[in-house]
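**Q** Sharing entry_12.cif here; it has mmCIF, C-alpha atoms and all ligand atoms.
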```
data_run
#
loop_
_atom_site.group_PDB
_atom_site.id
_atom_site.type_symbol
_atom_site.label_atom_id
_atom_site.label_comp_id
_atom_site.auth_asym_id
_atom_site.auth_seq_id
_atom_site.Cartn_x
_atom_site.Cartn_y
_atom_site.Cartn_z
ATOM 1 C CA MET Z 228 16.475 -3.625 3.946
ATOM 2 C CA ALA Z 229 19.882 -2.807 2.427
ATOM 3 C CA HIS Z 230 20.196 -0.927 -0.817
ATOM 4 C CA ALA Z 231 21.586 -2.995 -3.656
ATOM 5 C CA ARG Z 232 23.907 -2.066 -6.457
ATOM 6 C CA CYS Z 233 22.390 -2.084 -9.936
ATOM 7 C CA GLU Z 234 24.479 -4.521 -11.992
ATOM 8 C CA GLN Z 235 24.250 -2.196 -15.009
ATOM 9 C CA CYS Z 236 24.942 1.355 -13.779
ATOM 10 C CA GLY Z 237 26.386 0.481 -10.364
ATOM 11 C CA ASN Z 238 24.122 2.916 -8.477
ATOM 12 C CA LEU Z 239 23.013 2.002 -4.949
ATOM 13 C CA THR Z 240 19.258 1.533 -5.256
ATOM 14 C CA PRO Z 241 16.499 0.923 -2.686
ATOM 15 C CA PRO Z 242 14.875 -2.522 -3.025
ATOM 16 C CA TRP Z 243 11.550 -1.134 -4.292
ATOM 17 C CA ASP Z 244 13.377 0.498 -7.220
ATOM 18 C CA THR Z 245 15.118 -2.684 -8.418
ATOM 19 C CA ILE Z 246 13.923 -5.464 -10.714
ATOM 20 C CA HIS Z 247 15.298 -8.976 -11.216
ATOM 21 C CA CYS Z 248 15.801 -9.191 -14.935
ATOM 22 C CA GLY Z 249 16.252 -12.503 -16.756
ATOM 23 C CA SER Z 250 18.949 -12.647 -19.429
ATOM 24 C CA ASP Z 251 19.069 -14.732 -22.596
ATOM 25 C CA ASP Z 252 21.573 -17.125 -21.007
ATOM 26 C CA GLY Z 253 19.092 -17.917 -18.201
ATOM 27 C CA SER Z 254 20.884 -15.926 -15.504
ATOM 28 C CA TYR Z 255 19.309 -13.140 -13.484
ATOM 29 C CA GLN Z 256 20.590 -9.625 -12.986
ATOM 30 C CA LEU Z 257 19.502 -7.085 -10.427
ATOM 31 C CA LEU Z 258 18.800 -3.828 -12.261
ATOM 32 C CA CYS Z 259 17.542 -0.449 -11.169
ATOM 33 C CA THR Z 260 14.206 0.451 -12.774
ATOM 34 C CA LEU Z 261 15.794 2.935 -15.209
ATOM 35 C CA CYS Z 262 18.321 0.353 -16.473
ATOM 36 C CA PHE Z 263 15.575 -2.286 -16.664
ATOM 37 C CA ASN Z 264 13.398 0.025 -18.777
ATOM 38 C CA ALA Z 265 16.332 0.983 -21.011
ATOM 39 C CA ARG Z 266 17.009 -2.691 -21.654
ATOM 40 C CA ILE Z 267 13.350 -3.451 -22.462
ATOM 41 C CA ALA Z 268 13.119 -0.359 -24.695
ATOM 42 C CA GLU Z 269 16.221 -1.461 -26.581
ATOM 43 C CA SER Z 270 14.981 -5.016 -27.098
ATOM 44 C CA THR Z 271 11.447 -3.986 -28.154
ATOM 45 C CA GLY Z 272 12.429 -0.885 -30.125
ATOM 46 C CA ALA Z 273 10.235 1.311 -27.893
ATOM 47 C CA THR Z 274 12.282 4.422 -28.660
ATOM 48 C CA ASP Z 275 9.351 6.741 -27.804
ATOM 49 C CA PHE Z 276 9.311 5.574 -24.199
ATOM 50 C CA GLU Z 277 10.181 8.342 -21.708
ATOM 51 C CA ASN Z 278 12.494 6.667 -19.225
ATOM 52 C CA VAL Z 279 12.144 8.953 -16.218
ATOM 53 C CA ARG Z 280 12.260 8.697 -12.454
ATOM 54 C CA LEU Z 281 9.334 10.515 -10.841
ATOM 55 C CA ASP Z 282 9.797 12.440 -7.601
ATOM 56 C CA PRO Z 283 7.646 11.404 -4.629
ATOM 57 C CA ILE Z 284 4.596 13.511 -3.842
ATOM 58 C CA ARG Z 285 2.680 14.150 -0.636
ATOM 59 C CA MET Z 286 -1.127 14.084 -0.450
ATOM 60 C CA ASN Z 287 -3.633 14.417 2.398
ATOM 61 C CA ASP Z 288 -6.454 11.983 2.995
ATOM 62 C CA CYS Z 289 -9.955 13.043 4.037
ATOM 63 C CA SER Z 290 -9.034 12.932 7.728
ATOM 64 C CA GLY Z 291 -6.117 15.292 7.147
ATOM 65 C CA GLU Z 292 -3.413 12.638 7.426
ATOM 66 C CA SER Z 293 -0.470 13.134 5.083
ATOM 67 C CA HIS Z 294 0.754 10.334 2.792
ATOM 68 C CA GLN Z 295 3.932 10.298 0.757
ATOM 69 C CA PHE Z 296 3.736 8.364 -2.506
ATOM 70 C CA HIS Z 297 6.739 7.001 -4.355
ATOM 71 C CA PHE Z 298 6.541 6.004 -7.990
ATOM 72 C CA GLN Z 299 7.903 3.221 -10.106
ATOM 73 C CA VAL Z 300 7.402 3.250 -13.876
ATOM 74 C CA ARG Z 301 8.065 -0.061 -15.604
ATOM 75 C CA LEU Z 302 8.123 -0.686 -19.320
ATOM 76 C CA LEU Z 303 6.443 -4.051 -19.968
ATOM 77 C CA GLY Z 304 6.661 -4.691 -23.692
ATOM 78 C CA ASP Z 305 4.141 -2.391 -25.372
ATOM 79 C CA ARG Z 306 2.571 -1.342 -22.095
ATOM 80 C CA VAL Z 307 3.767 0.679 -19.169
ATOM 81 C CA ALA Z 308 2.877 0.076 -15.524
ATOM 82 C CA MET Z 309 2.975 3.044 -13.176
ATOM 83 C CA ASP Z 310 2.865 2.174 -9.467
ATOM 84 C CA ALA Z 311 2.377 4.598 -6.589
ATOM 85 C CA PHE Z 312 2.979 3.374 -3.057
ATOM 86 C CA GLU Z 313 3.850 4.436 0.452
ATOM 87 C CA LEU Z 314 6.972 3.119 2.156
ATOM 88 C CA ARG Z 315 7.605 1.873 5.665
ATOM 89 C CA GLY Z 316 11.376 1.943 5.887
ATOM 90 C CA ASP Z 317 12.288 0.729 2.420
ATOM 91 C CA ILE Z 318 9.331 -1.610 2.035
ATOM 92 C CA PRO Z 319 6.091 -0.657 0.237
ATOM 93 C CA ALA Z 320 3.292 -0.562 2.820
ATOM 94 C CA GLY Z 321 -0.025 1.223 3.143
ATOM 95 C CA TYR Z 322 -1.798 2.653 0.126
ATOM 96 C CA ARG Z 323 -0.804 1.274 -3.235
ATOM 97 C CA PHE Z 324 -2.101 2.159 -6.699
ATOM 98 C CA GLN Z 325 -1.378 1.052 -10.226
ATOM 99 C CA LEU Z 326 -2.114 2.441 -13.658
ATOM 100 C CA ILE Z 327 -1.516 0.648 -16.963
ATOM 101 C CA GLY Z 328 -0.855 2.680 -20.118
ATOM 102 C CA GLU Z 329 0.685 2.351 -23.568
ATOM 103 C CA TYR Z 330 4.476 2.588 -23.888
ATOM 104 C CA ASP Z 331 4.251 5.806 -25.939
ATOM 105 C CA ASP Z 332 1.796 7.582 -23.608
ATOM 106 C CA ASP Z 333 3.001 10.867 -22.134
ATOM 107 C CA VAL Z 334 4.363 9.956 -18.697
ATOM 108 C CA LEU Z 335 3.040 13.191 -17.172
ATOM 109 C CA VAL Z 336 -0.462 12.436 -18.493
ATOM 110 C CA LEU Z 337 -0.278 8.983 -16.913
ATOM 111 C CA LEU Z 338 0.975 10.564 -13.701
ATOM 112 C CA GLY Z 339 -1.973 12.986 -13.741
ATOM 113 C CA ARG Z 340 -4.423 10.089 -14.133
ATOM 114 C CA LEU Z 341 -2.735 8.147 -11.334
ATOM 115 C CA VAL Z 342 -2.779 11.168 -9.002
ATOM 116 C CA GLU Z 343 -6.518 11.577 -9.707
ATOM 117 C CA LYS Z 344 -7.021 7.914 -8.851
ATOM 118 C CA ILE Z 345 -5.105 8.395 -5.583
ATOM 119 C CA ARG Z 346 -7.135 11.523 -4.807
ATOM 120 C CA ARG Z 347 -10.418 9.632 -5.310
ATOM 121 C CA ALA Z 348 -9.247 6.827 -3.019
ATOM 122 C CA LEU Z 349 -7.961 9.177 -0.301
ATOM 123 C CA SER Z 350 -11.306 10.990 -0.254
ATOM 124 C CA VAL Z 351 -13.116 7.905 1.077
ATOM 125 C CA ARG Z 352 -12.807 6.116 4.404
ATOM 126 C CA HIS Z 353 -14.259 2.653 4.897
ATOM 127 C CA ILE Z 354 -13.319 1.769 8.462
ATOM 128 C CA ASP Z 355 -13.537 3.734 11.682
ATOM 129 C CA PHE Z 356 -10.353 2.443 13.280
ATOM 130 C CA ARG Z 357 -11.137 3.951 16.686
ATOM 131 C CA GLU Z 358 -14.564 2.333 16.917
ATOM 132 C CA ARG Z 359 -13.261 -0.670 14.975
ATOM 133 C CA GLN Z 360 -16.246 -0.762 12.697
ATOM 134 C CA ILE Z 361 -17.175 -0.466 9.046
ATOM 135 C CA ILE Z 362 -18.418 3.079 8.403
ATOM 136 C CA ASP Z 363 -20.899 2.423 5.608
ATOM 137 C CA SER Z 364 -21.690 -0.812 3.794
ATOM 138 C CA THR Z 365 -18.691 -1.001 1.452
ATOM 139 C CA VAL Z 366 -15.092 -1.946 2.155
ATOM 140 C CA ARG Z 367 -12.405 -1.595 -0.520
ATOM 141 C CA GLY Z 368 -8.874 -2.786 0.016
ATOM 142 C CA ARG Z 369 -6.020 -4.981 -1.025
ATOM 143 C CA ILE Z 370 -5.200 -8.579 -0.171
ATOM 144 C CA GLU Z 371 -1.720 -9.077 1.253
ATOM 145 C CA TRP Z 372 0.447 -11.701 2.885
ATOM 146 C CA ASP Z 373 0.147 -11.946 6.670
ATOM 147 C CA GLU Z 374 3.551 -12.973 8.107
ATOM 148 C CA SER Z 375 1.918 -14.154 11.325
ATOM 149 C CA GLN Z 376 -0.495 -16.473 9.453
ATOM 150 C CA ASP Z 377 2.036 -18.278 7.256
ATOM 151 C CA GLY Z 378 -0.133 -17.856 4.166
ATOM 152 C CA HIS Z 379 -3.251 -19.423 5.696
ATOM 153 C CA LEU Z 380 -5.160 -16.182 6.206
ATOM 154 C CA PRO Z 381 -4.868 -12.915 4.306
ATOM 155 C CA LEU Z 382 -3.994 -9.527 5.634
ATOM 156 C CA VAL Z 383 -6.115 -6.808 4.066
ATOM 157 C CA VAL Z 384 -5.102 -3.183 3.660
ATOM 158 C CA VAL Z 385 -8.039 -0.797 3.966
ATOM 159 C CA ASP Z 386 -7.704 3.000 4.010
ATOM 160 C CA GLY Z 387 -3.938 2.423 3.773
ATOM 161 C CA LYS Z 388 -3.932 0.514 7.075
ATOM 162 C CA GLU Z 389 -3.368 -3.155 7.757
ATOM 163 C CA VAL Z 390 -6.364 -5.099 9.076
ATOM 164 C CA SER Z 391 -6.012 -8.734 10.115
ATOM 165 C CA TRP Z 392 -8.550 -11.225 8.786
ATOM 166 C CA ASN Z 393 -9.748 -11.780 12.363
ATOM 167 C CA ASP Z 394 -10.305 -8.070 12.927
ATOM 168 C CA LEU Z 395 -12.216 -7.776 9.654
ATOM 169 C CA GLY Z 396 -14.351 -10.743 10.718
ATOM 170 C CA ARG Z 397 -15.078 -9.103 14.073
ATOM 171 C CA MET Z 398 -16.205 -5.923 12.294
ATOM 172 C CA LEU Z 399 -18.514 -7.965 10.053
ATOM 173 C CA MET Z 400 -20.224 -9.511 13.075
ATOM 174 C CA SER Z 401 -22.000 -6.228 13.786
ATOM 175 C CA MET Z 402 -23.856 -6.948 10.525
ATOM 176 C CA GLU Z 403 -24.869 -10.524 11.245
ATOM 177 C CA GLY Z 404 -27.685 -11.637 8.948
ATOM 178 C CA TRP Z 405 -26.863 -9.129 6.233
ATOM 179 C CA GLN Z 406 -25.794 -10.198 2.767
ATOM 180 C CA PHE Z 407 -22.441 -9.412 1.208
ATOM 181 C CA ARG Z 408 -20.709 -9.548 -2.160
ATOM 182 C CA LEU Z 409 -16.980 -10.208 -2.582
ATOM 183 C CA ASP Z 410 -15.443 -8.860 -5.805
ATOM 184 C CA ILE Z 411 -11.796 -9.438 -6.637
ATOM 185 C CA ALA Z 412 -10.174 -6.991 -9.065
ATOM 186 C CA ASP Z 413 -6.856 -6.551 -10.864
ATOM 187 C CA PRO Z 414 -4.375 -4.201 -9.089
ATOM 188 C CA SER Z 415 -4.873 -1.579 -11.813
ATOM 189 C CA ASP Z 416 -8.707 -1.720 -11.829
ATOM 190 C CA GLU Z 417 -10.796 1.020 -10.272
ATOM 191 C CA LEU Z 418 -12.748 -0.365 -7.343
HETATM 192 ZN ZN ZN X 501 20.978 0.993 -13.099
#
```
Just give me the structure as structure tokens.

**A**
Amino acid sequence: MAHARCEQCGNLTPPWDTIHCGSDDGSYQLLCTLCFNARIAESTGATDFENVRLDPIRMNDCSGESHQFHFQVRLLGDRVAMDAFELRGDIPAGYRFQLIGEYDDDVLVLLGRLVEKIRRALSVRHIDFRERQIIDSTVRGRIEWDESQDGHLPLVVVDGKEVSWNDLGRMLMSMEGWQFRLDIADPSDEL
């Protein structure tokens, strides 16, 4: 996907680092995350907010596979959302994590907490993708849009990999007769 120019600073910005920002007159502007945060900080008086861009980091999962995480920090009123995600091209894909903090929290402390959260998640595998089966009795993942299903069936992302609803169903059939529990949680919750 093409980079877009931030309508405030004019910098070419990848799509994952832009935000559509509504103005008072009802129009929308495409802003880079830094300009978006600066605007929110100005309008809410959040002068303590550290408006920084965090460098990507690389971490290994428990099977030795390397993952590069990009960060987006968004000021949302009196709270701050810190997202970590992998990219495929310019599109977030794979593992994705979110942490919610207060606007005046130390950004590096939030980053430390988010990295710990990533580390915990990368230390666990739920699916054996070669054998196409669930390793233990728990599967954690994320619900996503499946282009090929037109919104009728979800795509789930488990261990940072996409699993179609059909494939997940096939894996569950090795446990026919067992019980299960389906819990849905906010993107920032710990699973
Ligand atoms: Zn900008």

**Q** With only C-alpha atoms counted, which protein, DNA or RNA residues have an atom no more than 12 Å from (-0.2, 9.6, -10.7) in the file frame? Please answer as an MDAnalysis selection string.

**A** chainID Z and resid 281:286 296:300 308:312 323:328 333:347

**Q** Once the PyMOL selection byres (((chain Z and resi 394-398) around 10) and not hetatm) has been evaluated on this model, what residues remain selected, and can you format them as a list in words?

**A**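 For this structure, the PyMOL selection byres (((chain Z and resi 394-398) around 10) and not hetatm) resolves to Ile354, Glu358, Arg359, Gln360, Ile361, Val366, Leu382, Val383, Val385, Glu389, Val390, Ser391, Trp392, Asn393, Leu399, Met400, Ser401, Met402 and Glu403 of chain Z.
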
**Q** Box for range 397-410 of chain Z - axis-aligned, 3 Å on each of the six sides, all listed atoms - centre and size in Å to one decimal, as JSON.

**A**
```
{"center_x": -21.4, "center_y": -8.8, "center_z": 4.1, "size_x": 18.6, "size_y": 11.7, "size_z": 25.9}
```

**Q** For each of Z:Leu257, Z:Leu314, Z:Ala229, Z:Val307, take the minimum atom-to-atom distance to ligand ZN 501 (chain X), counting only C-alpha atoms and all ligand atoms, then give the residue where this is smallest.

**A**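 Between Z:Leu257, Z:Leu314, Z:Ala229, Z:Val307, the residue approaching ligand ZN 501 (chain X) most closely is Z:Leu257.
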
**Q** Residue by residue, what does the PyMOL selection byres (((not hetatm)) within 9 of (chain X and resi 501)) grab here? Present the result as an MDAnalysis selection string.

**A** chainID Z and resid 232:240 245 257:263
